[in-house]
Structures are given as C-alpha cells and as structure tokens.
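File shown: my_file_17.txt. Contents: compact mmCIF, C-alpha atoms.
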```txt
# COMPACT_ATOMS: atom_id res chain seq x y z
CA ALA A 834 85.14 79.55 60.58
CA GLY A 835 82.22 79.98 62.95
CA LEU A 836 84.58 79.85 65.96
CA MET A 837 86.84 82.54 64.49
CA THR A 838 83.81 84.75 63.74
CA ASP A 839 82.51 84.33 67.29
CA LYS A 840 85.95 85.17 68.71
CA SER A 841 86.24 88.27 66.51
CA GLU A 842 82.78 89.48 67.51
CA SER A 843 83.58 88.82 71.17
CA ASN A 844 86.82 90.83 70.92
CA GLU A 845 85.02 93.72 69.22
CA ALA A 846 82.32 93.75 71.89
CA MET A 847 84.91 93.71 74.69
CA THR A 848 86.92 96.50 73.05
CA ALA A 849 83.79 98.64 72.70
CA ALA A 850 82.81 98.00 76.33
CA LEU A 851 86.31 98.88 77.56
CA GLU A 852 86.31 102.09 75.54
CA GLN A 853 82.93 103.08 76.95
CA MET A 854 84.07 102.35 80.49
CA ARG A 855 87.34 104.26 79.94
CA ASN A 856 85.40 107.32 78.77
CA GLN A 857 82.98 107.12 81.69
CA MET A 858 85.88 106.77 84.14
CA ALA A 859 87.64 109.74 82.58
CA GLU A 860 84.55 111.88 82.95
CA PHE A 861 84.13 110.89 86.59
CA ILE A 862 87.76 111.32 87.61
CA SER A 863 88.11 114.63 85.82
CA THR A 864 85.36 115.88 88.13
CA VAL A 865 87.18 114.97 91.33
CA CYS A 866 90.87 114.98 90.37
CA ASP A 867 93.40 117.30 88.81
CA ASP A 868 93.85 116.44 85.13
CA ALA A 869 97.63 116.44 85.54
CA GLU A 870 97.36 113.42 87.81
CA LEU A 871 95.42 111.27 85.39
CA PRO A 872 97.47 108.36 84.04
CA ARG A 873 97.35 106.95 80.57
CA ALA A 874 94.58 104.67 81.77
CA ILE A 875 91.92 107.33 81.16
CA ALA A 876 93.52 109.00 78.18
CA ASP A 877 91.52 109.08 74.96
CA LYS A 878 93.28 106.50 72.82
CA SER A 879 90.93 106.46 69.85
CA ALA A 880 92.49 106.34 66.41
CA SER A 881 91.32 109.86 65.57
CA SER A 882 92.86 111.32 68.69
CA THR A 883 96.10 109.46 68.08
CA ALA A 884 96.28 110.79 64.55
CA SER A 885 95.53 114.39 65.48
CA MET A 886 97.65 114.60 68.63
CA PRO A 887 100.69 112.30 68.27
CA GLU A 888 102.90 114.40 70.54
CA THR A 889 100.24 114.44 73.26
CA VAL A 890 99.81 110.68 73.08
CA HIS A 891 103.59 110.23 73.23
CA ARG A 892 103.77 112.41 76.34
CA GLU A 893 100.93 110.44 77.93
CA ASP A 894 102.73 107.16 77.24
CA GLU A 895 105.97 108.57 78.61
CA SER A 896 104.25 109.83 81.73
CA TYR A 897 102.51 106.51 82.22
CA PHE A 898 105.66 104.42 81.99
CA THR A 899 107.67 106.90 84.06
CA SER A 900 105.19 106.46 86.90
CA TYR A 901 106.28 102.80 87.12
CA ALA A 902 110.01 103.53 87.10
CA ARG A 903 110.16 104.14 90.86
CA MET A 904 110.83 101.18 93.17
CA SER A 905 108.41 102.63 95.72
CA ILE A 906 105.33 101.81 93.62
CA HIS A 907 106.61 98.26 93.09
CA GLU A 908 107.34 97.91 96.80
CA GLU A 909 103.72 98.81 97.46
CA MET A 910 102.50 96.16 95.03
CA LEU A 911 104.91 93.47 96.19
CA ALA A 912 104.03 94.15 99.83
CA ASP A 913 100.41 93.37 99.00
CA SER A 914 100.66 89.77 100.15
CA VAL A 915 97.17 88.82 99.00
CA ARG A 916 98.06 89.92 95.47
CA THR A 917 101.59 88.53 95.30
CA GLU A 918 100.96 85.28 97.13
CA GLY A 919 97.88 84.71 94.98
CA TYR A 920 100.02 84.83 91.84
CA ARG A 921 102.77 82.78 93.46
CA ASP A 922 100.40 80.03 94.56
CA ALA A 923 98.61 79.96 91.20
CA ILE A 924 101.89 79.59 89.30
CA LEU A 925 103.84 77.29 91.60
CA GLY A 926 100.73 75.30 92.41
CA ASN A 927 100.36 74.51 88.71
CA SER A 928 104.01 73.86 87.94
CA LYS A 929 103.10 70.93 85.70
CA LEU A 930 101.43 73.42 83.35
CA PHE A 931 104.54 75.63 83.27
CA LYS A 932 107.18 72.92 82.93
CA ASP A 933 109.22 73.36 79.72
CA LYS A 934 106.82 76.03 78.43
CA VAL A 935 107.49 79.41 76.82
CA VAL A 936 105.92 82.13 78.95
CA LEU A 937 105.23 85.78 78.13
CA ASP A 938 105.05 88.27 81.03
CA VAL A 939 103.25 91.45 79.94
CA GLY A 940 104.28 94.48 82.00
CA CYS A 941 106.75 92.52 84.10
CA GLY A 942 107.80 95.30 86.51
CA THR A 943 110.36 93.81 88.90
CA ALA A 944 109.94 90.43 87.13
CA ILE A 945 108.42 88.75 90.17
CA LEU A 946 105.91 86.80 88.08
CA SER A 947 108.63 85.88 85.59
CA MET A 948 110.74 84.44 88.38
CA PHE A 949 107.78 82.49 89.75
CA ALA A 950 107.27 81.04 86.26
CA ALA A 951 110.94 80.12 85.97
CA LYS A 952 110.81 78.51 89.40
CA ALA A 953 107.76 76.55 88.25
CA GLY A 954 109.86 75.05 85.46
CA ALA A 955 109.29 77.29 82.44
CA GLN A 956 111.85 76.72 79.69
CA LEU A 957 111.87 80.42 78.73
CA VAL A 958 110.19 83.51 80.11
CA ILE A 959 109.96 86.60 77.90
CA ALA A 960 109.44 89.60 80.17
CA ILE A 961 108.36 92.92 78.66
CA ASP A 962 108.12 96.37 80.22
CA ALA A 963 108.54 99.85 78.72
CA SER A 964 109.41 101.44 82.07
CA GLU A 965 112.93 102.04 83.35
CA ILE A 966 112.13 99.53 86.11
CA ILE A 967 113.24 96.91 83.59
CA GLU A 968 116.87 97.77 84.38
CA GLN A 969 116.30 96.97 88.05
CA ALA A 970 114.50 93.81 86.98
CA ARG A 971 117.59 92.71 85.03
CA THR A 972 119.66 93.05 88.20
CA ILE A 973 117.07 91.18 90.26
CA VAL A 974 116.86 88.31 87.78
CA SER A 975 120.65 88.08 87.63
CA LEU A 976 120.99 88.12 91.43
CA ASN A 977 118.62 85.17 91.59
CA GLY A 978 120.50 83.19 88.94
CA LEU A 979 117.68 83.17 86.41
CA SER A 980 119.14 85.18 83.54
CA ASP A 981 119.45 82.07 81.40
CA ARG A 982 115.69 81.52 81.40
CA VAL A 983 114.19 84.98 82.04
CA HIS A 984 114.91 87.33 79.13
CA LEU A 985 113.85 90.95 79.59
CA PHE A 986 112.94 93.47 76.88
CA LYS A 987 112.41 97.20 77.34
CA THR A 988 109.62 98.09 74.91
CA ARG A 989 105.90 98.59 74.55
CA LEU A 990 104.12 95.29 74.05
CA GLU A 991 102.56 96.59 70.84
CA ASP A 992 106.01 97.34 69.40
CA PHE A 993 107.54 93.99 70.39
CA GLN A 994 108.37 91.10 68.10
CA LEU A 995 109.10 87.60 69.38
CA PRO A 996 112.67 86.33 68.95
CA ALA A 997 113.25 84.88 65.48
CA HIS A 998 113.15 81.26 66.65
CA LEU A 999 109.68 81.68 68.19
CA SER A 1000 106.29 82.17 66.57
CA GLN A 1001 104.09 81.72 69.63
CA VAL A 1002 104.04 81.36 73.41
CA ASP A 1003 102.38 78.74 75.57
CA ILE A 1004 101.35 80.90 78.52
CA ILE A 1005 100.72 84.62 79.10
CA ILE A 1006 100.99 86.01 82.62
CA SER A 1007 100.37 89.58 83.65
CA GLU A 1008 99.45 91.64 86.68
CA TRP A 1009 97.33 94.03 84.63
CA MET A 1010 94.62 94.80 87.16
CA GLY A 1011 94.41 98.27 88.68
CA TYR A 1012 91.95 100.33 90.68
CA PHE A 1013 88.40 99.52 89.59
CA LEU A 1014 89.97 96.54 87.80
CA LEU A 1015 90.59 98.35 84.48
CA TYR A 1016 92.18 101.58 85.73
CA GLU A 1017 95.71 100.81 84.53
CA SER A 1018 94.40 100.11 81.02
CA MET A 1019 96.71 97.13 80.50
CA LEU A 1020 94.04 94.65 79.45
CA PRO A 1021 94.10 95.71 75.77
CA SER A 1022 97.83 94.90 75.69
CA VAL A 1023 97.20 91.45 77.18
CA LEU A 1024 94.47 90.78 74.61
CA HIS A 1025 96.81 91.98 71.85
CA ALA A 1026 99.43 89.49 73.00
CA ARG A 1027 96.84 86.72 73.21
CA ASP A 1028 95.52 87.27 69.70
CA LYS A 1029 98.99 87.63 68.19
CA TRP A 1030 101.09 84.99 69.92
CA LEU A 1031 99.20 82.61 72.20
CA ALA A 1032 99.40 79.02 70.94
CA PRO A 1033 96.19 77.08 70.37
CA GLY A 1034 95.13 75.67 73.72
CA GLY A 1035 97.49 78.09 75.48
CA LEU A 1036 96.85 79.59 78.89
CA ILE A 1037 96.38 83.10 80.27
CA LEU A 1038 96.83 83.81 83.96
CA PRO A 1039 94.53 85.25 85.19
CA SER A 1040 92.00 84.04 82.64
CA SER A 1041 88.86 85.55 84.16
CA THR A 1042 87.86 88.28 86.57
CA GLN A 1043 84.74 89.52 88.27
CA MET A 1044 83.65 93.11 88.81
CA LEU A 1045 80.98 93.71 91.44
CA ILE A 1046 79.34 97.15 91.67
CA THR A 1047 76.88 98.38 94.25
CA ALA A 1048 75.16 101.67 94.95
CA SER A 1049 76.48 103.95 97.68
CA SER A 1050 74.87 106.78 99.61
CA HIS A 1051 78.22 108.57 100.00
CA ASP A 1052 78.20 111.87 98.09
CA ARG A 1053 81.87 112.70 97.61
CA LEU A 1054 81.17 115.82 95.58
CA ALA A 1055 79.14 117.32 98.44
CA PHE A 1056 82.45 117.98 100.23
CA TRP A 1057 83.06 120.94 97.93
CA ASP A 1058 79.78 122.64 98.85
CA ASP A 1059 81.13 123.76 102.22
CA VAL A 1060 84.90 123.79 102.70
CA TYR A 1061 85.47 125.65 105.96
CA GLY A 1062 82.62 127.97 105.10
CA PHE A 1063 83.47 128.41 101.42
CA ASN A 1064 81.67 126.97 98.41
CA MET A 1065 84.38 125.53 96.21
```
Just give me the structure of the file as structure tokens.
Amino acid sequence: AGLMTDKSESNEAMTAALEQMRNQMAEFISTVCDDAELPRAIADKSASSTASMPETVHREDESYFTSYARMSIHEEMLADSVRTEGYRDAILGNSKLFKDKVVLDVGCGTAILSMFAAKAGAQLVIAIDASEIIEQARTIVSLNGLSDRVHLFKTRLEDFQLPAHLSQVDIIISEWMGYFLLYESMLPSVLHARDKWLAPGGLILPSSTQMLITASSHDRLAFWDDVYGFNM
C-alpha cells in the first residue's frame, strides 16, 4: 500500500511540475513567436479549459497531429543519426529483453522503433499514432515483411484500448522527446500508458532523462529594439 501511495504522489508531483513548465514555456514562446505557430505542446490542457473550449481543444489536437503527417518532418528525425542509432542500439543491443515480449510504441510515426523491436525478437508490437503518417507506416511495415508482428492503430493513445486478448504490455517504447525535452508534450501520454498497461516489472525505453539548464547572456528580445532603425 505504501508503494502505491508513493507512486501516486510521485505521479501527481510530476504532473504538477509538467503543467507548470508547460505554462512557463507558453508564456515565453508567446513573447517571441506567432501564436498560430504554437503546437499542442504549449496549449492549455487543464480540465477547465477543456470543458469550456472543446472545439478549440479539438482544433489544437487536429493541428498537432496534422503537423506530423508530412514525411519531411519524419525524414528530419530519421536523418538525425545520433537519435535514431541511439534507439536502434538500445533496442537491438538488448534483444534478450525484447524476445517474445509484447511491446507498445507510443507515437510510432514511421514505425522505425516498432521495426527495431520486431527485429530484436518481440512477439507483438502495438504501434499507435493519431497522425495520417500511420498510413505510410503501414506500407513501410508491409514492405519490410513485419505486418504479422507490428500492428498499427490510428488513434490517440488516451482513446486506445488493448486488443481483447491482452491486458498489459511488457515494454513501452516512444520517441517522445522534443525541443527543450518536453516541447512535444508526449510524456503525459507515455505515463498514461505506463500506469494503465505496463506489466509489473515491465520496461520503458527511455526510462530516464536529464535536463541541464544554464544561464545565458544572449538577449534575444533586444533584437526588436532596433530593427533597421525601427523599434518593433
């Protein structure tokens, strides 16, 4: 009972910290960016806002997922060899942990992590993404002969239910990190999946991160004080 209480308190503290950071990020970015460019990551997702502005929230979700429908953004991420090879080496280098396991890929995109997991020996990979990129992912998985083990679902993670024959998963993988680590706001979805479906003793990859912040003398806002002789 004590362990469950500690876990609940830890989740509540992390949720509160994420909400505070999201609000601070929104305030900062709204100062230097056009509001129309802000993704769902900095949208106010509190329960009161959701209740009072359902259409707005829906549009924000739609805009967010649409931004990941283009192959160009996925090409940019896949071409980041440090990122992609890091995941590849972590998964394939621990194939004994993946062998015959049920894996959940949160926000699968092109399904690259799902295919790594299948290659590492996973019995079944459940890949979820609410973006239209999922259709391209189906083609990619089929082209690589992995459709029997990588099953893709087009839906929000929070709306998803595991197939009837499953009640839990052994491993959760996700490339949820964005600018300033939390910018894409996917971590709450990963934590939702963990609390709802991860088997006791199950694994999350990545399971920990580190954020390092330092002061800077660069004053970005000072740019607007003199733009070709005009104060903007």
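Pairwise distance (atom CA of Ala1048 of chain A, atom CA of Gln853 of chain A) equals 19.7 Å.
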**Message:** Residues proximal to (102.6, 76.3, 84.1) were defined as those with any atom within 9 Å of that point in the file's coordinates, counting only C-alpha atoms. Which are they, as number ranges by chain?
**Reply:** A: 923-934, 936, 950, 953-955, 1003-1004, 1036
Within 6 Å of segment 1005-1028 of chain A, which residues of segment 921-1000 of chain A show up? Give each one with its shortest atom-to-atom distance in Å (one decimal) and the two atoms involved, counting all atoms listed in the file, rows by chain then rising residue number, as a tab-separated table.
```
residue	atom	partner	partner_atom	distance
A:Val936	CA	A:Ile1005	CA	5.8
A:Leu937	CA	A:Ile1005	CA	4.8
A:Asp938	CA	A:Ile1006	CA	4.9
A:Val939	CA	A:Ser1007	CA	5.1
```
**Request:** Mind giving me the straight-line distance from atom CA of Arg982 of chain A to atom CA of Ser1041 of chain A in Å, one decimal?
**Result:**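 Going from atom CA of Arg982 of chain A over to atom CA of Ser1041 of chain A, I get 27.3 Å.
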**Asked** Mind pulling up the distance from atom CA of Ala970 of chain A to atom CA of Phe949 of chain A?
**Response**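 Here the two named atoms are 13.5 Å from each other.
The closest residue to Gly940 of chain A, picked from A:Thr988, A:Ser975, A:Ser980, A:Ser1000 and counting all atoms listed in the file, is A:Thr988.
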